[in-house]
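The block underneath contains the structure these notes are about, expressed in structure tokens.
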Amino acid sequence: MRIKKIVQLFAVLFIFPFTLAAQVTTGSINGNVKDAKGADLTGATIEVLHEPSGTLYRGMSGKNGIYNIPSLRVGGPYKVTISFVGFRPEVINEIYVQLGEASKINVILTDANASLKEVVVTGTARRGALISKDRKGASTNINRRLIAALPTLSRNITDFTKLTPQANGTSFAGQDNRFINLTVDGSIFNNSFGLQALPGSQTSASPISVDAIEEIQVNVSPYSVKDAGFTGASINAVTRSGTNTFHGSAFFNKRNQKLVGTKAGPDGKTPVTVSNFDVKQYGATVGGPIIKNKLFFFASYENEERSDPGTAFVADNGSNTGQTNVSRVKKTDLDAMASFLNTNFGYDPGQYDNYEFLTKSYKILAKIDWNINSKNKLSVRFNSLRSMKDIGSSSSGVLGGSRVSNINTMNFSNNNYEINNDIYSIIGQLNTRISNRISNEFIFGWTANRDYRAVKGKLFPLVDILDGTNTDRNYMSFGAEPFTPNNKLFTDTWQASDNFTFYNGKHTMSAGVNFESFTFFNQFTPQIQGHFIFKSLADFYTSANAYLTNPNMTANPVQLRRYILGFSNLANNEVWNAVTKAKNIGAYIQDEWQ
């Protein structure tokens with residue numbers, strides 16, 4: 001009885017995968033070999049040559065004449081040669097393999113002694129039909145040629161996933177965009193904590209250069225139990241590899257407001273206001289052989305720098321009153337405040353108008369592919385992203401309106417903050433063809449997400465000064481943004497998966513396990529620098545001057561409108577944080593029956 005229950009438990013675990021999220025990183029070629037009379041040929045030799053790299057894959061047809069050549073590099077062209085003793089060999093050229101898809105080639109061999117001429121089939125580039133009886137589930141494949149040919153301003157992977165009919169931005173099939181699953185070379189590449197859809201989203205950065213991507217597959221309703229960990233879509237990308245030919249590319253893009261139209265509308269004459277901006281993008285790729293037919297390398301670098309106006313509003317200087325972008329805040333008040341803070345506290349609050357917000361990102365990828373022997377192929381990839389973006393101060397906790405510059409209020413530039421999204425990842429993959437009927441794929445690696453904020457200028461108490469009226473509208477703000485000091489979210493992801501495939505005639509049996517370990521370090525110290533709200537400029541100056549006269553004063557000469565201070569209750573006033581750990585284990589078994 002106990003043995004029966006154990007068997008039932010394992011059956012449930014294998015049939016219903018609960019956290020498996022390993023993705024396919026290769027393609028395959030399969031089909032059937034028959035003679036001219038329609039009889040299946042068992043034992044036919046199949047050779048598949050990846051012509052750019054000289055990588056050779058071999059196999060044999062099994063019972064029913066069915067053959068499978070798995071774990072093929074995505075792309076091509078491939079040359080397929082099928083031969084059998086006593087028959088003329090068939091050669092099929094210009095075969096291209098798609099990510100996660102099987103290219104089907106059925107062949108009829110003719111008798112070598114027959115009076116027929118030798119038949120050599122040379123097809124055009126076969127890239128897989130969009131609608132096919134062999135395609136299972138709703139999916140979209142975007143290959144290297146499409147990526148290189150389609151226009152993109154942001155150079156972001158999401159510009160290409162929009163080709164999926166069910167896509168709306170980063171949302172698929174109406175689901176929240178945080179419910180997608182992004183994998184690169186079979187490894188998890190999500191923002192696993194769940195604050196954003198994709199890593200780099202907060203800094204408007206693509207997590208990986210599009211020049212480093214070989215193919216993208218978007219699965220909305222896949223049939224395979226390997227695809228899990230999402231309710232919107234699974235975005236699976238594989239990176240490029242080197243070949244026997246040295247190749248490289250370089251680019252430089254520049255855009256600014258002069259390249260944007262200034263009129264729109266049905267008649268094309270309605271004026272449009274265009275803000276100044278400046279974008280520079282440049283990068284390069286290089287790849288080639290280290291040992292011909294054996295060892296290859298590929299590397300890419302991309303840099304993007306963008307500047308935008310930090311604010312469209314300017315202070316009232318007495319002569320510009322009435323313009324739509326002129327705030328009610330007096331230039332004399334702002335200049336006097338900046339001088340007072342610099343002189344008495346050594347604090348520079350920054351500019352209050354005509355300053356820029358910067359956005360920067362740097363992407364690096366390096367990959368090694370090694371054909372260990374005819375049965376084993378190893379690839380190792382390292383990539384990193386470093387990105388930052390200037391963001392306007394949060395208005396949370398402000399009284400009466402906003403803290404960001406507008407028609408009623410002005411804040412200094414060092415009241416804003418900088419967000420950083422960094423990624424470091426190293427992933428290895430070993431593909432092994434154990435025999436003509438058995439293959440295995442093992443993926444392992446580590447990915448680190450480093451999301452953190454930086455204070456503009458130096459740490460200083462946040463000060464909001466109201467306009468001194470009964471409406472309590474905010475007039476001026478300076479000091480460190482309230483939620484930025486010590487704001488860190490670090491995620492370490494360790495992962496390993498193994499996928500075993502057994503080919504048995506019309507049946508393709510797959511089984512696998514997946515392990516993921518997450519460690520989240522979250523540090524958040526809101527308003528740890530203190531938050532003062534004064535009713536008026538006069539109240540601020542009275543209080544500040546009293547402090548300068550007697551820093552140890554026990555009573556404030558004015559009544560603060562509000563005061564908030566976050567502090568540590570730990571020993572030695574240590575900064576508080578939270579560490580969360582989680583582990584996912586998944587298993588599956590699947591039979592695909594033709």
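Within each chain, counting starts at residue 1; across the structure tokens, chains are named A, B, ... in the order shown, with ligands numbered 1 upward in that order.
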Dump as a Markdown table the rows for residues of stretch 412-464 of chain A within 10 Å of stretch 175-194 of chain A: closest atom pair and distance in Å with one decimal, only C-alpha atoms counted, ordered by chain and rising residue number.
| residue | atom | partner | partner_atom | distance |
| --- | --- | --- | --- | --- |
| A:Ile423 | CA | A:Phe189 | CA | 9.3 |
| A:Ser425 | CA | A:Phe189 | CA | 8.8 |
| A:Ile426 | CA | A:Ser187 | CA | 9.4 |
| A:Ile427 | CA | A:Ser187 | CA | 7.1 |
| A:Gly428 | CA | A:Asp185 | CA | 8.8 |
| A:Gln429 | CA | A:Asp185 | CA | 8.3 |
| A:Phe442 | CA | A:Gly186 | CA | 9.9 |
| A:Ile443 | CA | A:Gly186 | CA | 7.2 |
| A:Phe444 | CA | A:Ser187 | CA | 7.8 |
| A:Gly445 | CA | A:Ser187 | CA | 7.5 |
| A:Trp446 | CA | A:Ser187 | CA | 8.7 |
| A:Thr447 | CA | A:Phe189 | CA | 7.6 |
| A:Ala448 | CA | A:Phe189 | CA | 9.5 |
| A:Asn449 | CA | A:Asn191 | CA | 7.5 |
| A:Asp451 | CA | A:Asn191 | CA | 9.7 |
So that I can check the secondary structure, give me every residue of stretch 112-355 of chain A assigned strand (DSSP E) by backbone DSSP, as a PyMOL selection string.
chain A and resi 122-126+139-142+167-168+171-172+181-184+187-188+213-219+234-239+247-256+263-264+270-271+278-291+295-309+314-316+326-330
Excluding stretch 365-375 of chain A and residues on its chain fewer than 5 positions from it, collect all residues at most 7 Å away from it, counting only C-alpha atoms, and give them as a PyMOL selection string.
chain A and resi 56-57+241+294-301+380-384+432-434
d(atom CA of A:Gln351, atom CA of A:Ser413) in Å:
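These atoms are spaced 5.3 Å apart.
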A:Asn556 surroundings by only C-alpha atoms, 12 Å radius, close-in-sequence under 5 positions cut, as a PDB file with N, CA and C atoms, in the first residue's frame:
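Result file part_20.pdb:
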ATOM      1  N   PHE A 534       7.643  73.507   6.176  1.00  0.00           N
ATOM      2  CA  PHE A 534       7.425  74.826   6.780  1.00  0.00           C
ATOM      3  C   PHE A 534       6.242  75.506   6.084  1.00  0.00           C
ATOM      4  N   ASP A 539       9.082  81.361   7.900  1.00  0.00           N
ATOM      5  CA  ASP A 539       9.230  80.365   8.962  1.00  0.00           C
ATOM      6  C   ASP A 539      10.509  79.565   8.796  1.00  0.00           C
ATOM      7  N   PHE A 540      10.857  79.215   7.545  1.00  0.00           N
ATOM      8  CA  PHE A 540      12.083  78.455   7.322  1.00  0.00           C
ATOM      9  C   PHE A 540      13.298  79.263   7.754  1.00  0.00           C
ATOM     10  N   TYR A 541      13.401  80.509   7.292  1.00  0.00           N
ATOM     11  CA  TYR A 541      14.583  81.306   7.616  1.00  0.00           C
ATOM     12  C   TYR A 541      14.682  81.555   9.120  1.00  0.00           C
ATOM     13  N   THR A 542      13.560  81.786   9.793  1.00  0.00           N
ATOM     14  CA  THR A 542      13.595  81.992  11.242  1.00  0.00           C
ATOM     15  C   THR A 542      14.129  80.758  11.945  1.00  0.00           C
ATOM     16  N   SER A 543      13.634  79.593  11.555  1.00  0.00           N
ATOM     17  CA  SER A 543      14.063  78.340  12.190  1.00  0.00           C
ATOM     18  C   SER A 543      15.521  78.032  11.870  1.00  0.00           C
ATOM     19  N   ALA A 544      15.926  78.202  10.593  1.00  0.00           N
ATOM     20  CA  ALA A 544      17.300  77.887  10.197  1.00  0.00           C
ATOM     21  C   ALA A 544      18.302  78.801  10.874  1.00  0.00           C
ATOM     22  N   ASN A 545      17.997  80.079  10.965  1.00  0.00           N
ATOM     23  CA  ASN A 545      18.916  81.017  11.621  1.00  0.00           C
ATOM     24  C   ASN A 545      19.033  80.732  13.115  1.00  0.00           C
ATOM     25  N   ALA A 546      17.925  80.336  13.744  1.00  0.00           N
ATOM     26  CA  ALA A 546      17.966  79.979  15.165  1.00  0.00           C
ATOM     27  C   ALA A 546      18.865  78.762  15.382  1.00  0.00           C
ATOM     28  N   TYR A 547      18.789  77.794  14.454  1.00  0.00           N
ATOM     29  CA  TYR A 547      19.640  76.603  14.552  1.00  0.00           C
ATOM     30  C   TYR A 547      21.103  76.965  14.375  1.00  0.00           C
ATOM     31  N   LEU A 548      21.394  77.851  13.414  1.00  0.00           N
ATOM     32  CA  LEU A 548      22.776  78.254  13.194  1.00  0.00           C
ATOM     33  C   LEU A 548      23.354  78.976  14.407  1.00  0.00           C
ATOM     34  N   ASN A 550      22.279  78.445  17.587  1.00  0.00           N
ATOM     35  CA  ASN A 550      22.366  77.477  18.675  1.00  0.00           C
ATOM     36  C   ASN A 550      21.959  76.089  18.166  1.00  0.00           C
ATOM     37  N   PRO A 551      22.931  75.327  17.640  1.00  0.00           N
ATOM     38  CA  PRO A 551      22.603  74.003  17.089  1.00  0.00           C
ATOM     39  C   PRO A 551      21.999  73.051  18.125  1.00  0.00           C
ATOM     40  N   ARG A 561       4.923  72.783  10.125  1.00  0.00           N
ATOM     41  CA  ARG A 561       3.673  72.238   9.599  1.00  0.00           C
ATOM     42  C   ARG A 561       3.681  70.724   9.711  1.00  0.00           C
ATOM     43  N   TYR A 563       6.771  67.287  10.556  1.00  0.00           N
ATOM     44  CA  TYR A 563       8.140  66.779  10.621  1.00  0.00           C
ATOM     45  C   TYR A 563       8.074  65.256  10.662  1.00  0.00           C
TER      46      TYR A 563
END
With distances taken over only C-alpha atoms, which of A:Asn440, A:Ser387, A:Thr110, A:Asn514 is nearest to A:Ala39?
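When distances to A:Ala39 are compared using only C-alpha atoms, the smallest one comes from A:Thr110.
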Those of stretch 313-530 of chain A in DSSP helix (DSSP H, G or I), formatted as a count of residues only
18
So which one's closest to A:Gly137, A:Gly65, A:Pro482, A:Gly100, A:Pro222? Using only C-alpha atoms, please.
A:Pro222
Within 6 Å of A:Asp498 using only C-alpha atoms, minus same-chain residues under 5 positions, as a list of chain:residue names:
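Those residues are A:Glu441, A:Phe442, A:Gly512, A:Val513.
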Give me the residues within 10 Å of A:Ala511 as a short mmCIF file (atom, residue, chain, number, x, y, z; two decimals) with N, CA and C atoms, in the first residue's frame, counting only C-alpha atoms and dropping any in the same chain fewer than 5 places off.
data_model
loop_
_atom_site.label_atom_id
_atom_site.label_comp_id
_atom_site.auth_asym_id
_atom_site.auth_seq_id
_atom_site.Cartn_x
_atom_site.Cartn_y
_atom_site.Cartn_z
N PHE A 14 5.53 14.19 -11.84
CA PHE A 14 6.06 14.20 -13.19
C PHE A 14 5.05 14.67 -14.23
N ILE A 15 3.79 14.39 -14.00
CA ILE A 15 2.78 14.74 -15.00
C ILE A 15 2.39 16.19 -14.90
N VAL A 225 5.14 21.00 -21.98
CA VAL A 225 5.15 21.23 -20.53
C VAL A 225 6.45 21.87 -20.07
N LYS A 226 7.44 21.99 -20.95
CA LYS A 226 8.67 22.68 -20.58
C LYS A 226 8.42 24.17 -20.36
N ASN A 440 20.60 14.82 -24.60
CA ASN A 440 20.45 15.48 -23.30
C ASN A 440 20.93 16.93 -23.42
N ASP A 498 18.00 20.12 -16.50
CA ASP A 498 18.44 19.02 -17.34
C ASP A 498 17.23 18.46 -18.09
N ASN A 499 17.37 18.36 -19.42
CA ASN A 499 16.29 17.88 -20.27
C ASN A 499 16.78 16.68 -21.07
N PHE A 500 16.13 15.56 -20.85
CA PHE A 500 16.51 14.27 -21.44
C PHE A 500 15.46 13.88 -22.47
N THR A 501 15.90 13.48 -23.68
CA THR A 501 14.97 13.13 -24.75
C THR A 501 15.31 11.76 -25.30
N PHE A 502 14.26 10.93 -25.47
CA PHE A 502 14.40 9.57 -25.99
C PHE A 502 13.49 9.43 -27.20
N ALA A 587 9.67 19.28 -12.20
CA ALA A 587 9.96 18.07 -12.95
C ALA A 587 8.84 17.82 -13.94
N TYR A 588 9.15 17.16 -15.03
CA TYR A 588 8.12 16.87 -16.03
C TYR A 588 8.47 15.60 -16.79
N ILE A 589 7.46 15.01 -17.42
CA ILE A 589 7.64 13.94 -18.39
C ILE A 589 6.59 14.14 -19.47
N GLN A 590 6.97 13.95 -20.72
CA GLN A 590 6.09 14.26 -21.84
C GLN A 590 6.33 13.28 -22.98
N ASP A 591 5.26 12.91 -23.67
CA ASP A 591 5.36 12.04 -24.85
C ASP A 591 4.73 12.76 -26.03
#
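Closest approach to A:Phe483 among A:Ser393, A:Thr273, A:Thr245, A:Asn293: A:Ser393, based on only C-alpha atoms.
Among the candidates A:Asn276, A:Thr525, A:Ser171, A:Asn30, the residue lying nearest to A:Asn569 is A:Thr525 (atoms considered: only C-alpha atoms).
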Show me, as a count of residues only, the residues that have an atom within 12 Å of stretch 311-328 of chain A when counting only C-alpha atoms, minus same-chain residues fewer than 4 positions from it.
36
Have a look at A:Leu459, A:Leu378, A:Leu385, A:Val218 and name the one nearest to A:Asn414; count only C-alpha atoms.
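Once distances to A:Asn414 are computed over only C-alpha atoms, the minimum belongs to A:Leu459.
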When you count only C-alpha atoms, which of these residues is closest to A:Val575: A:Asn487, A:Asn504, A:Asn436, A:Thr26?
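Smallest distance to A:Val575 is found for A:Asn487.
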Coordinates-based distance that separates atom CA of A:Ala480 from atom CA of A:Phe460 (Å, one decimal)
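Atom CA of A:Phe460 sits 5.4 Å away from atom CA of A:Ala480.
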